Each structure stands twice: as C-alpha cells, then as structure tokens.
file upload_10.txt (compact mmCIF, C-alpha atoms (C1' of nucleotides))
# COMPACT_ATOMS: atom_id res chain seq x y z
CA MET A 1 -29.37 -98.42 -18.94
CA THR A 2 -27.99 -95.66 -21.11
CA THR A 3 -31.27 -93.91 -21.49
CA THR A 4 -31.38 -92.60 -25.02
CA THR A 5 -28.00 -90.90 -24.90
CA ALA A 6 -29.23 -87.70 -26.54
CA ALA A 7 -31.34 -86.91 -23.51
CA ARG A 8 -28.34 -87.46 -21.28
CA LYS A 9 -26.28 -85.04 -23.30
CA ARG A 10 -28.99 -82.43 -22.88
CA VAL A 11 -29.05 -82.97 -19.14
CA GLN A 12 -25.31 -82.52 -18.97
CA ALA A 13 -25.41 -79.39 -21.12
CA LYS A 14 -28.03 -77.98 -18.79
CA ALA A 15 -25.93 -78.73 -15.74
CA GLU A 16 -22.94 -76.99 -17.28
CA TYR A 17 -25.05 -74.02 -18.25
CA ASP A 18 -26.51 -73.74 -14.76
CA ALA A 19 -22.99 -73.79 -13.35
CA PHE A 20 -22.03 -71.08 -15.80
CA LEU A 21 -24.96 -68.93 -14.73
CA ALA A 22 -24.12 -69.39 -11.08
CA GLN A 23 -20.71 -67.88 -11.82
CA CYS A 24 -21.86 -65.11 -14.13
CA PRO A 25 -21.34 -61.68 -12.57
CA SER A 26 -24.03 -60.09 -14.72
CA ARG A 27 -26.57 -62.53 -13.39
CA LYS A 28 -25.54 -61.82 -9.83
CA LEU A 29 -25.99 -58.13 -10.45
CA LEU A 30 -29.42 -58.72 -11.96
CA ASP A 31 -30.48 -60.79 -8.99
CA ARG A 32 -29.32 -57.95 -6.82
CA ILE A 33 -31.16 -55.09 -8.47
CA ALA A 34 -34.21 -57.18 -9.24
CA ASP A 35 -34.84 -57.03 -5.51
CA LYS A 36 -37.95 -54.92 -5.25
CA TRP A 37 -36.65 -52.20 -2.94
CA VAL A 38 -32.97 -52.07 -3.80
CA THR A 39 -33.22 -49.56 -6.61
CA LEU A 40 -35.70 -47.47 -4.67
CA VAL A 41 -33.39 -47.23 -1.68
CA LEU A 42 -30.45 -46.37 -3.89
CA ALA A 43 -32.46 -43.65 -5.61
CA ALA A 44 -33.75 -42.32 -2.31
CA LEU A 45 -30.26 -42.03 -0.84
CA ARG A 46 -29.22 -40.18 -3.95
CA SER A 47 -32.13 -37.74 -3.91
CA ASP A 48 -32.38 -34.78 -1.62
CA GLY A 49 -35.35 -36.41 0.00
CA SER A 50 -37.43 -33.30 -0.44
CA HIS A 51 -40.05 -34.74 -2.73
CA ARG A 52 -41.14 -37.71 -4.78
CA VAL A 53 -38.67 -40.46 -5.19
CA GLY A 54 -37.81 -40.56 -8.83
CA ALA A 55 -36.73 -36.95 -9.00
CA ASP A 56 -33.19 -38.23 -9.29
CA CYS A 57 -31.43 -35.00 -8.65
CA ALA A 58 -27.82 -36.09 -8.88
CA GLY A 59 -26.71 -33.95 -5.99
CA GLU A 60 -24.46 -34.98 -3.14
CA PRO A 61 -25.50 -38.32 -1.73
CA ARG A 62 -26.87 -37.33 1.63
CA PRO A 63 -26.93 -39.61 4.66
CA MET A 64 -30.42 -40.55 5.73
CA ARG A 65 -32.04 -41.96 8.80
CA TYR A 66 -33.97 -45.19 8.92
CA SER A 67 -37.22 -43.43 9.70
CA GLU A 68 -36.59 -40.89 6.99
CA LEU A 69 -36.22 -43.62 4.39
CA SER A 70 -39.27 -45.32 5.77
CA ARG A 71 -41.30 -42.18 5.23
CA LEU A 72 -39.86 -41.48 1.79
CA LEU A 73 -40.47 -45.01 0.54
CA ALA A 74 -43.94 -45.05 1.97
CA GLY A 75 -44.77 -48.46 0.55
CA VAL A 76 -41.99 -50.43 2.17
CA SER A 77 -42.61 -52.59 5.21
CA GLN A 78 -40.23 -52.21 8.11
CA LYS A 79 -39.05 -55.73 7.67
CA MET A 80 -38.18 -55.29 4.02
CA LEU A 81 -36.51 -51.94 4.59
CA THR A 82 -34.28 -53.41 7.27
CA GLN A 83 -33.55 -56.46 5.17
CA THR A 84 -32.74 -54.40 2.10
CA LEU A 85 -30.48 -52.01 3.99
CA ARG A 86 -28.62 -54.90 5.59
CA SER A 87 -27.99 -56.57 2.27
CA LEU A 88 -26.82 -53.32 0.71
CA GLU A 89 -24.46 -52.75 3.59
CA ARG A 90 -23.20 -56.29 3.26
CA ASP A 91 -22.35 -55.63 -0.35
CA GLY A 92 -20.55 -52.41 0.47
CA LEU A 93 -23.04 -50.27 -1.43
CA ILE A 94 -24.08 -48.26 1.61
CA THR A 95 -22.67 -47.60 5.05
CA ARG A 96 -24.57 -47.85 8.29
CA THR A 97 -23.55 -45.66 11.21
CA VAL A 98 -25.11 -45.71 14.64
CA VAL A 99 -25.29 -42.44 16.55
CA PRO A 100 -25.76 -43.09 20.28
CA THR A 101 -28.25 -40.35 20.99
CA VAL A 102 -30.91 -40.99 23.56
CA PRO A 103 -33.13 -43.01 21.27
CA VAL A 104 -30.38 -44.39 19.06
CA THR A 105 -30.42 -43.00 15.56
CA VAL A 106 -28.98 -44.81 12.59
CA THR A 107 -27.92 -43.19 9.35
CA TYR A 108 -27.32 -44.77 5.99
CA GLU A 109 -25.22 -43.35 3.20
CA LEU A 110 -24.19 -44.39 -0.28
CA THR A 111 -20.60 -45.48 -0.76
CA ASP A 112 -18.69 -44.66 -3.93
CA LEU A 113 -19.54 -48.12 -5.15
CA GLY A 114 -23.19 -47.47 -4.43
CA VAL A 115 -23.09 -44.19 -6.32
CA SER A 116 -21.49 -45.87 -9.32
CA LEU A 117 -24.18 -48.54 -9.32
CA HIS A 118 -26.82 -45.88 -9.17
CA GLU A 119 -25.31 -44.33 -12.28
CA VAL A 120 -25.94 -47.44 -14.36
CA ILE A 121 -29.41 -47.73 -12.90
CA ARG A 122 -30.08 -44.23 -14.12
CA GLY A 123 -29.16 -45.57 -17.53
CA LEU A 124 -32.00 -48.03 -17.20
CA LYS A 125 -34.26 -45.26 -16.08
CA GLY A 126 -33.38 -43.24 -19.13
CA TRP A 127 -34.26 -46.06 -21.47
CA ALA A 128 -37.49 -46.69 -19.60
CA GLU A 129 -38.59 -43.09 -19.85
CA THR A 130 -37.92 -42.81 -23.57
CA HIS A 131 -38.96 -46.26 -24.78
CA MET A 132 -41.39 -47.73 -22.29
CA ASP A 133 -44.32 -46.04 -23.97
CA ASP A 134 -43.45 -47.79 -27.21
CA VAL A 135 -43.34 -51.09 -25.40
CA LEU A 136 -46.74 -50.52 -23.85
CA ALA A 137 -48.14 -49.51 -27.22
CA ASN A 138 -46.77 -52.68 -28.82
CA ARG A 139 -48.25 -54.67 -26.01
CA ALA A 140 -51.67 -53.12 -26.56
CA THR A 141 -51.75 -53.78 -30.29
CA TYR A 142 -50.53 -57.33 -29.75
CA ASP A 143 -53.29 -57.99 -27.25
CA ALA A 144 -55.82 -56.44 -29.61
CA GLN A 145 -54.80 -58.78 -32.42
CA VAL A 146 -55.13 -61.84 -30.22
CA ALA A 147 -58.49 -60.84 -28.83
CA MET B 1 -63.43 -44.82 15.28
CA THR B 2 -60.54 -42.74 14.02
CA THR B 3 -57.92 -45.25 14.91
CA THR B 4 -54.91 -43.24 16.02
CA THR B 5 -54.91 -40.90 13.04
CA ALA B 6 -51.17 -41.12 12.44
CA ALA B 7 -51.48 -44.76 11.48
CA ARG B 8 -54.20 -43.85 9.00
CA LYS B 9 -52.00 -41.24 7.40
CA ARG B 10 -49.30 -43.84 6.95
CA VAL B 11 -51.72 -46.24 5.32
CA GLN B 12 -52.80 -43.54 2.90
CA ALA B 13 -49.22 -42.58 2.10
CA LYS B 14 -48.49 -46.19 1.33
CA ALA B 15 -51.47 -46.45 -0.98
CA GLU B 16 -50.35 -43.37 -2.87
CA TYR B 17 -46.83 -44.67 -3.12
CA ASP B 18 -48.01 -48.03 -4.40
CA ALA B 19 -50.05 -46.22 -7.05
CA PHE B 20 -46.99 -44.22 -7.98
CA LEU B 21 -44.92 -47.37 -8.36
CA ALA B 22 -47.57 -48.99 -10.51
CA GLN B 23 -47.20 -46.08 -12.93
CA CYS B 24 -43.43 -45.80 -12.84
CA PRO B 25 -41.86 -46.76 -16.18
CA SER B 26 -38.53 -47.60 -14.57
CA ARG B 27 -40.21 -50.13 -12.35
CA LYS B 28 -41.98 -51.69 -15.30
CA LEU B 29 -38.67 -52.04 -17.07
CA LEU B 30 -37.10 -53.61 -14.02
CA ASP B 31 -39.92 -56.10 -13.74
CA ARG B 32 -39.34 -56.90 -17.38
CA ILE B 33 -35.62 -57.55 -17.29
CA ALA B 34 -35.72 -59.15 -13.88
CA ASP B 35 -37.39 -62.04 -15.66
CA LYS B 36 -34.86 -64.82 -15.43
CA TRP B 37 -34.48 -65.58 -19.13
CA VAL B 38 -35.21 -62.24 -20.78
CA THR B 39 -31.67 -60.89 -20.69
CA LEU B 40 -30.26 -64.24 -21.72
CA VAL B 41 -32.50 -64.45 -24.76
CA LEU B 42 -31.69 -60.87 -25.72
CA ALA B 43 -27.99 -61.56 -25.43
CA ALA B 44 -28.31 -64.81 -27.36
CA LEU B 45 -30.11 -63.14 -30.24
CA ARG B 46 -27.38 -60.55 -30.33
CA SER B 47 -24.52 -63.03 -30.29
CA ASP B 48 -23.39 -65.02 -33.28
CA GLY B 49 -24.49 -68.13 -31.50
CA SER B 50 -21.18 -69.82 -32.11
CA HIS B 51 -20.13 -70.19 -28.51
CA ARG B 52 -20.84 -69.36 -24.91
CA VAL B 53 -23.57 -66.89 -24.25
CA GLY B 54 -21.94 -63.89 -22.72
CA ALA B 55 -19.56 -63.40 -25.60
CA ASP B 56 -21.64 -60.38 -26.52
CA CYS B 57 -20.13 -59.74 -29.89
CA ALA B 58 -22.13 -56.76 -31.04
CA GLY B 59 -22.42 -57.95 -34.60
CA GLU B 60 -25.52 -57.99 -36.69
CA PRO B 61 -28.46 -59.32 -34.74
CA ARG B 62 -29.03 -62.64 -36.45
CA PRO B 63 -32.39 -64.40 -36.60
CA MET B 64 -32.44 -67.64 -34.66
CA ARG B 65 -34.60 -70.70 -34.55
CA TYR B 66 -36.46 -71.87 -31.49
CA SER B 67 -34.40 -75.03 -31.23
CA GLU B 68 -31.21 -73.06 -31.73
CA LEU B 69 -32.03 -70.83 -28.78
CA SER B 70 -33.00 -73.86 -26.78
CA ARG B 71 -29.60 -75.39 -27.39
CA LEU B 72 -27.70 -72.17 -26.75
CA LEU B 73 -29.50 -71.46 -23.48
CA ALA B 74 -29.11 -75.02 -22.34
CA GLY B 75 -30.63 -74.37 -18.94
CA VAL B 76 -34.00 -73.08 -20.08
CA SER B 77 -37.07 -75.28 -20.02
CA GLN B 78 -39.16 -75.38 -23.15
CA LYS B 79 -42.05 -73.84 -21.33
CA MET B 80 -40.07 -70.88 -20.11
CA LEU B 81 -38.41 -70.32 -23.45
CA THR B 82 -41.75 -70.20 -25.20
CA GLN B 83 -43.22 -67.96 -22.51
CA THR B 84 -40.25 -65.60 -22.61
CA LEU B 85 -40.24 -65.36 -26.39
CA ARG B 86 -43.97 -64.65 -26.45
CA SER B 87 -43.69 -61.87 -23.91
CA LEU B 88 -40.76 -60.33 -25.77
CA GLU B 89 -42.72 -60.46 -29.01
CA ARG B 90 -45.68 -58.91 -27.25
CA ASP B 91 -43.53 -56.02 -26.16
CA GLY B 92 -42.15 -55.51 -29.65
CA LEU B 93 -38.62 -56.41 -28.63
CA ILE B 94 -38.36 -59.37 -30.99
CA THR B 95 -40.22 -60.58 -34.05
CA ARG B 96 -41.50 -64.09 -34.62
CA THR B 97 -41.73 -65.47 -38.13
CA VAL B 98 -43.08 -68.86 -39.04
CA VAL B 99 -41.57 -70.63 -42.03
CA PRO B 100 -43.92 -73.38 -43.28
CA THR B 101 -41.32 -76.00 -44.05
CA VAL B 102 -42.20 -79.59 -43.50
CA PRO B 103 -41.72 -79.52 -39.77
CA VAL B 104 -42.57 -75.87 -39.28
CA THR B 105 -39.60 -73.76 -38.31
CA VAL B 106 -39.89 -70.53 -36.40
CA THR B 107 -37.29 -67.80 -36.29
CA TYR B 108 -36.91 -65.00 -33.82
CA GLU B 109 -35.05 -61.77 -34.36
CA LEU B 110 -34.35 -58.64 -32.38
CA THR B 111 -36.19 -55.49 -33.38
CA ASP B 112 -34.51 -52.08 -33.22
CA LEU B 113 -36.19 -51.59 -29.88
CA GLY B 114 -34.81 -54.88 -28.68
CA VAL B 115 -31.32 -53.95 -29.80
CA SER B 116 -31.52 -50.62 -27.98
CA LEU B 117 -32.62 -52.40 -24.81
CA HIS B 118 -29.75 -54.79 -25.14
CA GLU B 119 -27.40 -51.81 -25.26
CA VAL B 120 -28.42 -50.62 -21.80
CA ILE B 121 -28.22 -54.18 -20.52
CA ARG B 122 -24.66 -54.28 -21.74
CA GLY B 123 -24.15 -51.25 -19.52
CA LEU B 124 -25.21 -53.37 -16.59
CA LYS B 125 -22.93 -56.12 -17.73
CA GLY B 126 -20.03 -53.70 -17.84
CA TRP B 127 -20.60 -52.58 -14.28
CA ALA B 128 -20.97 -56.18 -13.14
CA GLU B 129 -17.70 -57.22 -14.70
CA THR B 130 -15.69 -54.37 -13.25
CA HIS B 131 -17.30 -54.04 -9.82
CA MET B 132 -18.92 -57.32 -8.90
CA ASP B 133 -15.68 -58.68 -7.50
CA ASP B 134 -15.56 -55.75 -5.09
CA VAL B 135 -19.10 -56.48 -4.03
CA LEU B 136 -18.31 -60.12 -3.39
CA ALA B 137 -15.20 -59.14 -1.45
CA ASN B 138 -17.22 -56.76 0.72
CA ARG B 139 -19.75 -59.48 1.27
CA ALA B 140 -17.05 -61.90 2.39
CA THR B 141 -15.48 -59.50 4.90
CA TYR B 142 -18.91 -58.56 6.22
CA ASP B 143 -19.79 -62.19 6.78
CA ALA B 144 -16.43 -62.80 8.42
CA GLN B 145 -17.06 -59.99 10.91
CA VAL B 146 -20.46 -61.34 11.84
CA ALA B 147 -19.26 -64.90 12.27
C1' DG C 1 -51.42 -41.84 30.54
C1' DG C 2 -52.21 -42.84 25.85
C1' DA C 3 -50.14 -41.72 21.29
C1' DA C 4 -46.10 -41.27 18.74
C1' DG C 5 -41.20 -41.84 17.41
C1' DT C 6 -36.44 -44.53 17.71
C1' DA C 7 -34.69 -49.07 14.89
C1' DG C 8 -35.49 -52.99 14.36
C1' DG C 9 -36.51 -58.80 15.54
C1' DC C 10 -39.48 -62.91 14.95
C1' DA C 11 -43.07 -65.91 13.11
C1' DC C 12 -46.54 -66.96 10.06
C1' DC C 13 -48.82 -66.83 5.37
C1' DT C 14 -49.73 -66.30 0.58
C1' DG C 15 -49.22 -65.50 -4.45
C1' DA C 16 -46.73 -66.13 -8.21
C1' DA C 17 -42.45 -67.46 -10.72
C1' DG C 18 -40.48 -71.10 -12.54
C1' DG C 19 -39.54 -76.24 -13.06
C1' DT C 20 -41.10 -81.10 -14.44
C1' DG C 21 -43.42 -84.23 -17.07
C1' DC C 22 -46.48 -85.66 -20.73
C1' DG C 23 -48.64 -85.19 -25.28
C1' DT C 24 -48.82 -83.81 -30.42
C1' DA C 25 -48.32 -84.79 -35.58
C1' DA C 26 -45.64 -85.44 -39.36
C1' DC C 27 -41.34 -86.80 -40.95
C1' DG C 28 -36.10 -88.83 -41.33
C1' DC C 29 -32.54 -92.01 -39.99
C1' DC C 30 -30.59 -96.53 -39.21
C1' DG D 1 -39.98 -99.60 -35.47
C1' DG D 2 -37.98 -97.00 -32.10
C1' DC D 3 -35.26 -92.71 -31.34
C1' DG D 4 -34.76 -88.03 -32.79
C1' DT D 5 -36.25 -83.34 -34.30
C1' DT D 6 -39.74 -79.20 -34.81
C1' DA D 7 -42.37 -75.89 -31.74
C1' DC D 8 -44.97 -75.71 -28.69
C1' DG D 9 -49.64 -76.55 -25.00
C1' DC D 10 -51.36 -78.08 -20.52
C1' DA D 11 -51.42 -79.44 -15.70
C1' DC D 12 -49.22 -80.15 -11.53
C1' DC D 13 -45.85 -79.06 -7.96
C1' DT D 14 -42.38 -76.71 -5.28
C1' DT D 15 -40.05 -72.75 -3.65
C1' DC D 16 -39.48 -68.38 -1.72
C1' DA D 17 -39.73 -63.29 -1.99
C1' DG D 18 -42.22 -60.29 0.20
C1' DG D 19 -46.18 -58.81 3.22
C1' DT D 20 -48.59 -58.60 7.85
C1' DG D 21 -48.83 -58.49 12.59
C1' DC D 22 -46.96 -58.43 17.12
C1' DC D 23 -42.97 -57.63 20.17
C1' DT D 24 -39.14 -54.53 22.52
C1' DA D 25 -37.39 -50.27 25.78
C1' DC D 26 -36.91 -45.70 26.37
C1' DT D 27 -38.51 -40.85 25.86
C1' DT D 28 -41.33 -36.93 24.91
C1' DC D 29 -45.40 -34.56 23.72
C1' DC D 30 -50.19 -33.13 24.73
call {"tool": "encode", "arguments": {"input": "upload_10.txt", "output": "structure tokens"}}
result
Amino acid sequence: MTTTTAARKRVQAKAEYDAFLAQCPSRKLLDRIADKWVTLVLAALRSDGSHRVGADCAGEPRPMRYSELSRLLAGVSQKMLTQTLRSLERDGLITRTVVPTVPVTVTYELTDLGVSLHEVIRGLKGWAETHMDDVLANRATYDAQVA
Amino acid sequence: MTTTTAARKRVQAKAEYDAFLAQCPSRKLLDRIADKWVTLVLAALRSDGSHRVGADCAGEPRPMRYSELSRLLAGVSQKMLTQTLRSLERDGLITRTVVPTVPVTVTYELTDLGVSLHEVIRGLKGWAETHMDDVLANRATYDAQVA
DNA sequence: GGAAGTAGGCACCTGAAGGTGCGTAACGCC
DNA sequence: GGCGTTACGCACCTTCAGGTGCCTACTTCC
C-alpha cells in the first residue's frame, strides 16, 4: 500500500510548494505583467500618445480614450484590449470613467498604483535595453556550437 | 477591390506594430521571465538553498546540483527543470558544468549577467511585497460591487 | 445610403506551454 | 534483489491565453 514512501514524500513536498507558490505575491505580480498587453497598456497610458509606444516619456499620465488606445496599440484586438483594461481596472491600476456624450466616450487613466507599477516595469526595460543584446549574442554562439 | 480602405490601413498598422513588438528588447525580456520557472531558478541559485525559496539572501551565488534544484523547487517537473536550465544556459545567464564522478553530477551557477537580471527581478519582488495586498484589496471590492 | 467611429459582447478555434509517465545505465544500501 | 539516486530524453495529453469574426445602436460625414 505505502507505495515506496520516498515517492510519497516528493508528492507531498510538491503539494506544499504549489501551495506556497499560490500564495506568493511575486508570482501573482509576474502572472499579472506576463499578460501580453498589460505592460503595453501601462506604457501607453504613461506616454503622451504622440508617437511610438516605447518612447516612455515620463510625463503626466494622461487619460486616454478606448479608441485612442486601440489606435496606439495597433496590434491589439478589441476583445483583448477590453479584457486587459477591465482586469487593470479591477486591480486598481487604472480608472475607467464614462462620459455620456452622444456616442458615449470612455476614458482610462493610470492610478498612483498604476504609475508606481510602471516605474518598476521601466526598470525591466532598462535592463532589457542594456543587456538584451548580450543575451542574444550568447544565444547565437550557443546555437552555433550545437549545430 | 479596395475593401473599405480604412480597414486596410488598420491591417497595415497592425502588421507594423507586430513587427515592432518582435524587435522590442523589453518584450523579449518579458517573454523570458514570464516563463514559469525562470525566476524561481534564478532565485534558487542566488539563495543559500538552506530553506524556503523566496528568502532571497543576496549572498554569494552558489553553484547547485541538478538534484538540489529539483528538491528546492519541489513543484517543478524534471522535464521543465531541464528545459529551463538549458534555456538559461543558452542565454548566458547560468553556466553548466559536468563533473565526471561515478554517477555524473552537474552543477549550475549564475553568471554575472544572471546575477544582474536577478537584481531587477528583486525590484519586482519588492513592489509585489509592498503593493500586492492593495491590488488584491481593490480586486475584492471590485468583485463585490459587480456581484 | 454606404462607410466610418463610439465601446464593447459573444462564440468559436488554434497553437503552444507545461504536466505526466516511462526509460536509461551504472552504482549503493539494506 | 528491489528501492533509491544521478541527470536527463521522448512521447503523449490537457489546458487556456489569445486571436478572429460577427453582432449592437446611434450619429455624422461625403
């Protein structure tokens, strides 16, 4: 019955570890920003919207309309944009305000929490811009050795 | 033939944006660390391995054996651990050294690049630990309003 | 009067991430 | 002589994030 004991201990350790991960705030954050469009939306709301996303001018976070975001993040589907905005609002990272004009307009804006999150994401961006070339170079030489 | 022109412009804008994303170093980095086990392995290699992962004691990055990592990250499958380690080695974030003892032992160790990446990840961790509770609280009140 | 913009909702579909299980080959322990 | 460890490789299977397409009502532009 007691199947090999050692295996059982491993199963239990795994269960505990999974429970630990489910609680881990860092993991939750990673799941959040790993979402394909989350960081893009955050960056867009932080930019002035004038040009390319990625020109993270750290100016005043400006409220933006749904259609404006849709145009700025040209690659996003309407479904995903809506879904992403909803989830960000849910987490208190952005606010959604409806303006009852004749065709209703909706504006989204970063909250303070959202701005602070964007700050750490810019940290990632900084690392990426200075070190990602090294990574790609390593990757190339590694592949060359294998092939 | 020219189907509604405006739609075509949108399609083209999307194509350009997709191309831009494919080039973006920040996105590549995100794809990298979004990998479920990458951050865990990085953190494990940085810890002293004595206890819970997450106790990110920033001591000397210590080389670790495959089996040691497997035990520390109790939730990881052997397949994923191997896959993750390979990809990290490929990117020059860790080194893999084979010691030809009687059952071969393999040790992994963070490179300088890997350590520097771990630093920015600790930035994420910091934000998560101070702000994630707020996020969860916002989420709860949002859900309460909807229900 | 068709095209376009306003902000989405709903349903279906696919690709890929990640998990599970099995096998190895040589050795140690009890 | 069967269980355990060492560091994986291979094949199958499930799940789901994310994409696509079609729908709404109302208005305005050309």
call {"tool": "interface_residues", "arguments": {"input": "upload_10.txt", "of": "chain B", "to": "chain C", "cutoff": "9 Å", "atoms": "only C-alpha atoms (C1' of nucleotides)", "output": "PyMOL selection string"}}
result
chain B and resi 4+6+35-36+77+79-80+102-103
call {"tool": "residues_around", "arguments": {"input": "upload_10.txt", "residues": "range 8-18 of chain B", "least_positions_apart": "4", "cutoff": "7 Å", "atoms": "all atoms listed in the file", "output": "MDAnalysis selection string"}}
result
(chainID A and resid 74:75) or (chainID B and resid 22)
call {"tool": "calpha_fit_and_write", "arguments": {"input": "upload_10.txt", "fixed": "chain B", "moving": "chain A", "output": "short mmCIF file (atom, residue, chain, number, x, y, z; two decimals) with C-alpha atoms, keeping the file's coordinate frame"}}
result
data_model
loop_
_atom_site.label_atom_id
_atom_site.label_comp_id
_atom_site.auth_asym_id
_atom_site.auth_seq_id
_atom_site.Cartn_x
_atom_site.Cartn_y
_atom_site.Cartn_z
CA MET A 1 -63.48 -44.98 15.20
CA THR A 2 -60.68 -42.83 13.86
CA THR A 3 -57.99 -45.26 14.73
CA THR A 4 -55.03 -43.22 15.86
CA THR A 5 -55.00 -40.91 12.87
CA ALA A 6 -51.23 -41.13 12.38
CA ALA A 7 -51.54 -44.76 11.38
CA ARG A 8 -54.23 -43.84 8.89
CA LYS A 9 -52.02 -41.24 7.32
CA ARG A 10 -49.30 -43.84 6.89
CA VAL A 11 -51.73 -46.23 5.24
CA GLN A 12 -52.80 -43.54 2.83
CA ALA A 13 -49.21 -42.56 2.04
CA LYS A 14 -48.48 -46.20 1.30
CA ALA A 15 -51.45 -46.47 -1.01
CA GLU A 16 -50.35 -43.40 -2.92
CA TYR A 17 -46.82 -44.69 -3.15
CA ASP A 18 -47.99 -48.07 -4.42
CA ALA A 19 -50.04 -46.29 -7.07
CA PHE A 20 -46.98 -44.27 -8.00
CA LEU A 21 -44.89 -47.41 -8.36
CA ALA A 22 -47.52 -49.06 -10.50
CA GLN A 23 -47.18 -46.15 -12.93
CA CYS A 24 -43.41 -45.84 -12.82
CA PRO A 25 -41.83 -46.80 -16.15
CA SER A 26 -38.50 -47.64 -14.54
CA ARG A 27 -40.18 -50.17 -12.31
CA LYS A 28 -41.94 -51.74 -15.26
CA LEU A 29 -38.64 -52.07 -17.04
CA LEU A 30 -37.06 -53.65 -13.98
CA ASP A 31 -39.87 -56.14 -13.68
CA ARG A 32 -39.30 -56.95 -17.31
CA ILE A 33 -35.58 -57.59 -17.24
CA ALA A 34 -35.67 -59.20 -13.83
CA ASP A 35 -37.37 -62.08 -15.60
CA LYS A 36 -34.80 -64.83 -15.40
CA TRP A 37 -34.45 -65.61 -19.10
CA VAL A 38 -35.18 -62.27 -20.72
CA THR A 39 -31.66 -60.93 -20.67
CA LEU A 40 -30.25 -64.28 -21.71
CA VAL A 41 -32.51 -64.46 -24.74
CA LEU A 42 -31.69 -60.90 -25.70
CA ALA A 43 -27.97 -61.61 -25.41
CA ALA A 44 -28.30 -64.84 -27.35
CA LEU A 45 -30.11 -63.16 -30.23
CA ARG A 46 -27.38 -60.57 -30.30
CA SER A 47 -24.52 -63.07 -30.30
CA ASP A 48 -23.42 -65.03 -33.30
CA GLY A 49 -24.50 -68.16 -31.52
CA SER A 50 -21.16 -69.79 -32.14
CA HIS A 51 -20.08 -70.16 -28.55
CA ARG A 52 -20.84 -69.37 -24.94
CA VAL A 53 -23.58 -66.94 -24.30
CA GLY A 54 -21.98 -63.94 -22.73
CA ALA A 55 -19.52 -63.39 -25.54
CA ASP A 56 -21.59 -60.38 -26.49
CA CYS A 57 -20.10 -59.79 -29.87
CA ALA A 58 -22.08 -56.78 -31.01
CA GLY A 59 -22.42 -58.01 -34.55
CA GLU A 60 -25.55 -58.01 -36.66
CA PRO A 61 -28.49 -59.36 -34.72
CA ARG A 62 -29.08 -62.66 -36.43
CA PRO A 63 -32.44 -64.40 -36.58
CA MET A 64 -32.51 -67.64 -34.65
CA ARG A 65 -34.68 -70.69 -34.53
CA TYR A 66 -36.52 -71.90 -31.48
CA SER A 67 -34.46 -75.06 -31.26
CA GLU A 68 -31.27 -73.11 -31.76
CA LEU A 69 -32.07 -70.88 -28.80
CA SER A 70 -33.03 -73.90 -26.80
CA ARG A 71 -29.63 -75.43 -27.42
CA LEU A 72 -27.74 -72.21 -26.78
CA LEU A 73 -29.53 -71.50 -23.51
CA ALA A 74 -29.11 -75.05 -22.37
CA GLY A 75 -30.64 -74.42 -18.97
CA VAL A 76 -34.00 -73.13 -20.10
CA SER A 77 -37.08 -75.32 -20.03
CA GLN A 78 -39.21 -75.41 -23.14
CA LYS A 79 -42.06 -73.86 -21.29
CA MET A 80 -40.05 -70.91 -20.06
CA LEU A 81 -38.40 -70.35 -23.43
CA THR A 82 -41.77 -70.22 -25.15
CA GLN A 83 -43.20 -68.00 -22.46
CA THR A 84 -40.25 -65.63 -22.55
CA LEU A 85 -40.26 -65.37 -26.34
CA ARG A 86 -43.99 -64.68 -26.37
CA SER A 87 -43.67 -61.90 -23.84
CA LEU A 88 -40.76 -60.35 -25.71
CA GLU A 89 -42.73 -60.46 -28.92
CA ARG A 90 -45.69 -58.92 -27.16
CA ASP A 91 -43.52 -56.03 -26.09
CA GLY A 92 -42.15 -55.52 -29.58
CA LEU A 93 -38.61 -56.42 -28.57
CA ILE A 94 -38.37 -59.37 -30.93
CA THR A 95 -40.24 -60.57 -33.99
CA ARG A 96 -41.52 -64.07 -34.55
CA THR A 97 -41.81 -65.39 -38.09
CA VAL A 98 -43.16 -68.77 -39.07
CA VAL A 99 -41.65 -70.47 -42.10
CA PRO A 100 -44.01 -73.15 -43.45
CA THR A 101 -41.43 -75.79 -44.23
CA VAL A 102 -42.38 -79.39 -43.77
CA PRO A 103 -41.88 -79.40 -40.02
CA VAL A 104 -42.70 -75.75 -39.44
CA THR A 105 -39.72 -73.68 -38.41
CA VAL A 106 -39.99 -70.49 -36.43
CA THR A 107 -37.37 -67.78 -36.28
CA TYR A 108 -36.95 -65.01 -33.78
CA GLU A 109 -35.10 -61.77 -34.32
CA LEU A 110 -34.36 -58.65 -32.33
CA THR A 111 -36.19 -55.50 -33.32
CA ASP A 112 -34.52 -52.10 -33.17
CA LEU A 113 -36.19 -51.60 -29.83
CA GLY A 114 -34.80 -54.91 -28.65
CA VAL A 115 -31.31 -53.97 -29.78
CA SER A 116 -31.52 -50.65 -27.95
CA LEU A 117 -32.60 -52.42 -24.78
CA HIS A 118 -29.72 -54.80 -25.13
CA GLU A 119 -27.38 -51.83 -25.26
CA VAL A 120 -28.40 -50.65 -21.79
CA ILE A 121 -28.19 -54.19 -20.51
CA ARG A 122 -24.62 -54.29 -21.73
CA GLY A 123 -24.11 -51.26 -19.52
CA LEU A 124 -25.16 -53.38 -16.58
CA LYS A 125 -22.86 -56.11 -17.73
CA GLY A 126 -19.98 -53.70 -17.85
CA TRP A 127 -20.54 -52.57 -14.30
CA ALA A 128 -20.89 -56.16 -13.15
CA GLU A 129 -17.63 -57.21 -14.72
CA THR A 130 -15.63 -54.35 -13.25
CA HIS A 131 -17.23 -54.01 -9.82
CA MET A 132 -18.84 -57.30 -8.90
CA ASP A 133 -15.61 -58.63 -7.48
CA ASP A 134 -15.48 -55.71 -5.08
CA VAL A 135 -19.02 -56.44 -4.00
CA LEU A 136 -18.23 -60.07 -3.36
CA ALA A 137 -15.13 -59.09 -1.42
CA ASN A 138 -17.15 -56.69 0.74
CA ARG A 139 -19.67 -59.40 1.29
CA ALA A 140 -16.99 -61.82 2.46
CA THR A 141 -15.43 -59.42 4.95
CA TYR A 142 -18.86 -58.47 6.26
CA ASP A 143 -19.74 -62.10 6.83
CA ALA A 144 -16.39 -62.67 8.50
CA GLN A 145 -17.00 -59.85 10.96
CA VAL A 146 -20.41 -61.19 11.91
CA ALA A 147 -19.22 -64.74 12.35
#
call {"tool": "interface_residues", "arguments": {"input": "upload_10.txt", "of": "chain B", "to": "chain A", "cutoff": "7 Å", "atoms": "all atoms listed in the file", "output": "VMD selection string"}}
result
chain B and resid 13 to 14 17 to 18 25 to 26 29 to 30 34 74 to 75 90 to 92 120 123 to 125 128 to 129 132 135 to 136 138 to 139 142
call {"tool": "interface_residues", "arguments": {"input": "upload_10.txt", "of": "chain D", "to": "chain A", "cutoff": "9 Å", "atoms": "all atoms listed in the file", "output": "number ranges by chain"}}
result
D: 3-4, 17-20, 26-27
call {"tool": "atom_distance", "arguments": {"input": "upload_10.txt", "atom1": "CA of Thr97 in chain B", "atom2": "CA of His118 in chain B"}}
result
20.6 Å
call {"tool": "closest_residue", "arguments": {"input": "upload_10.txt", "among": "A:Arg96, A:Leu85, A:Gln23, A:Arg62", "to": "Arg46 in chain A", "atoms": "only C-alpha atoms"}}
result
A:Arg62
call {"tool": "atom_distance", "arguments": {"input": "upload_10.txt", "atom1": "CA of Thr84 in chain A", "atom2": "CA of Val41 in chain A"}}
result
8.1 Å
call {"tool": "atom_distance", "arguments": {"input": "upload_10.txt", "atom1": "CA of Val106 in chain A", "atom2": "CA of Leu42 in chain A"}}
result
16.6 Å
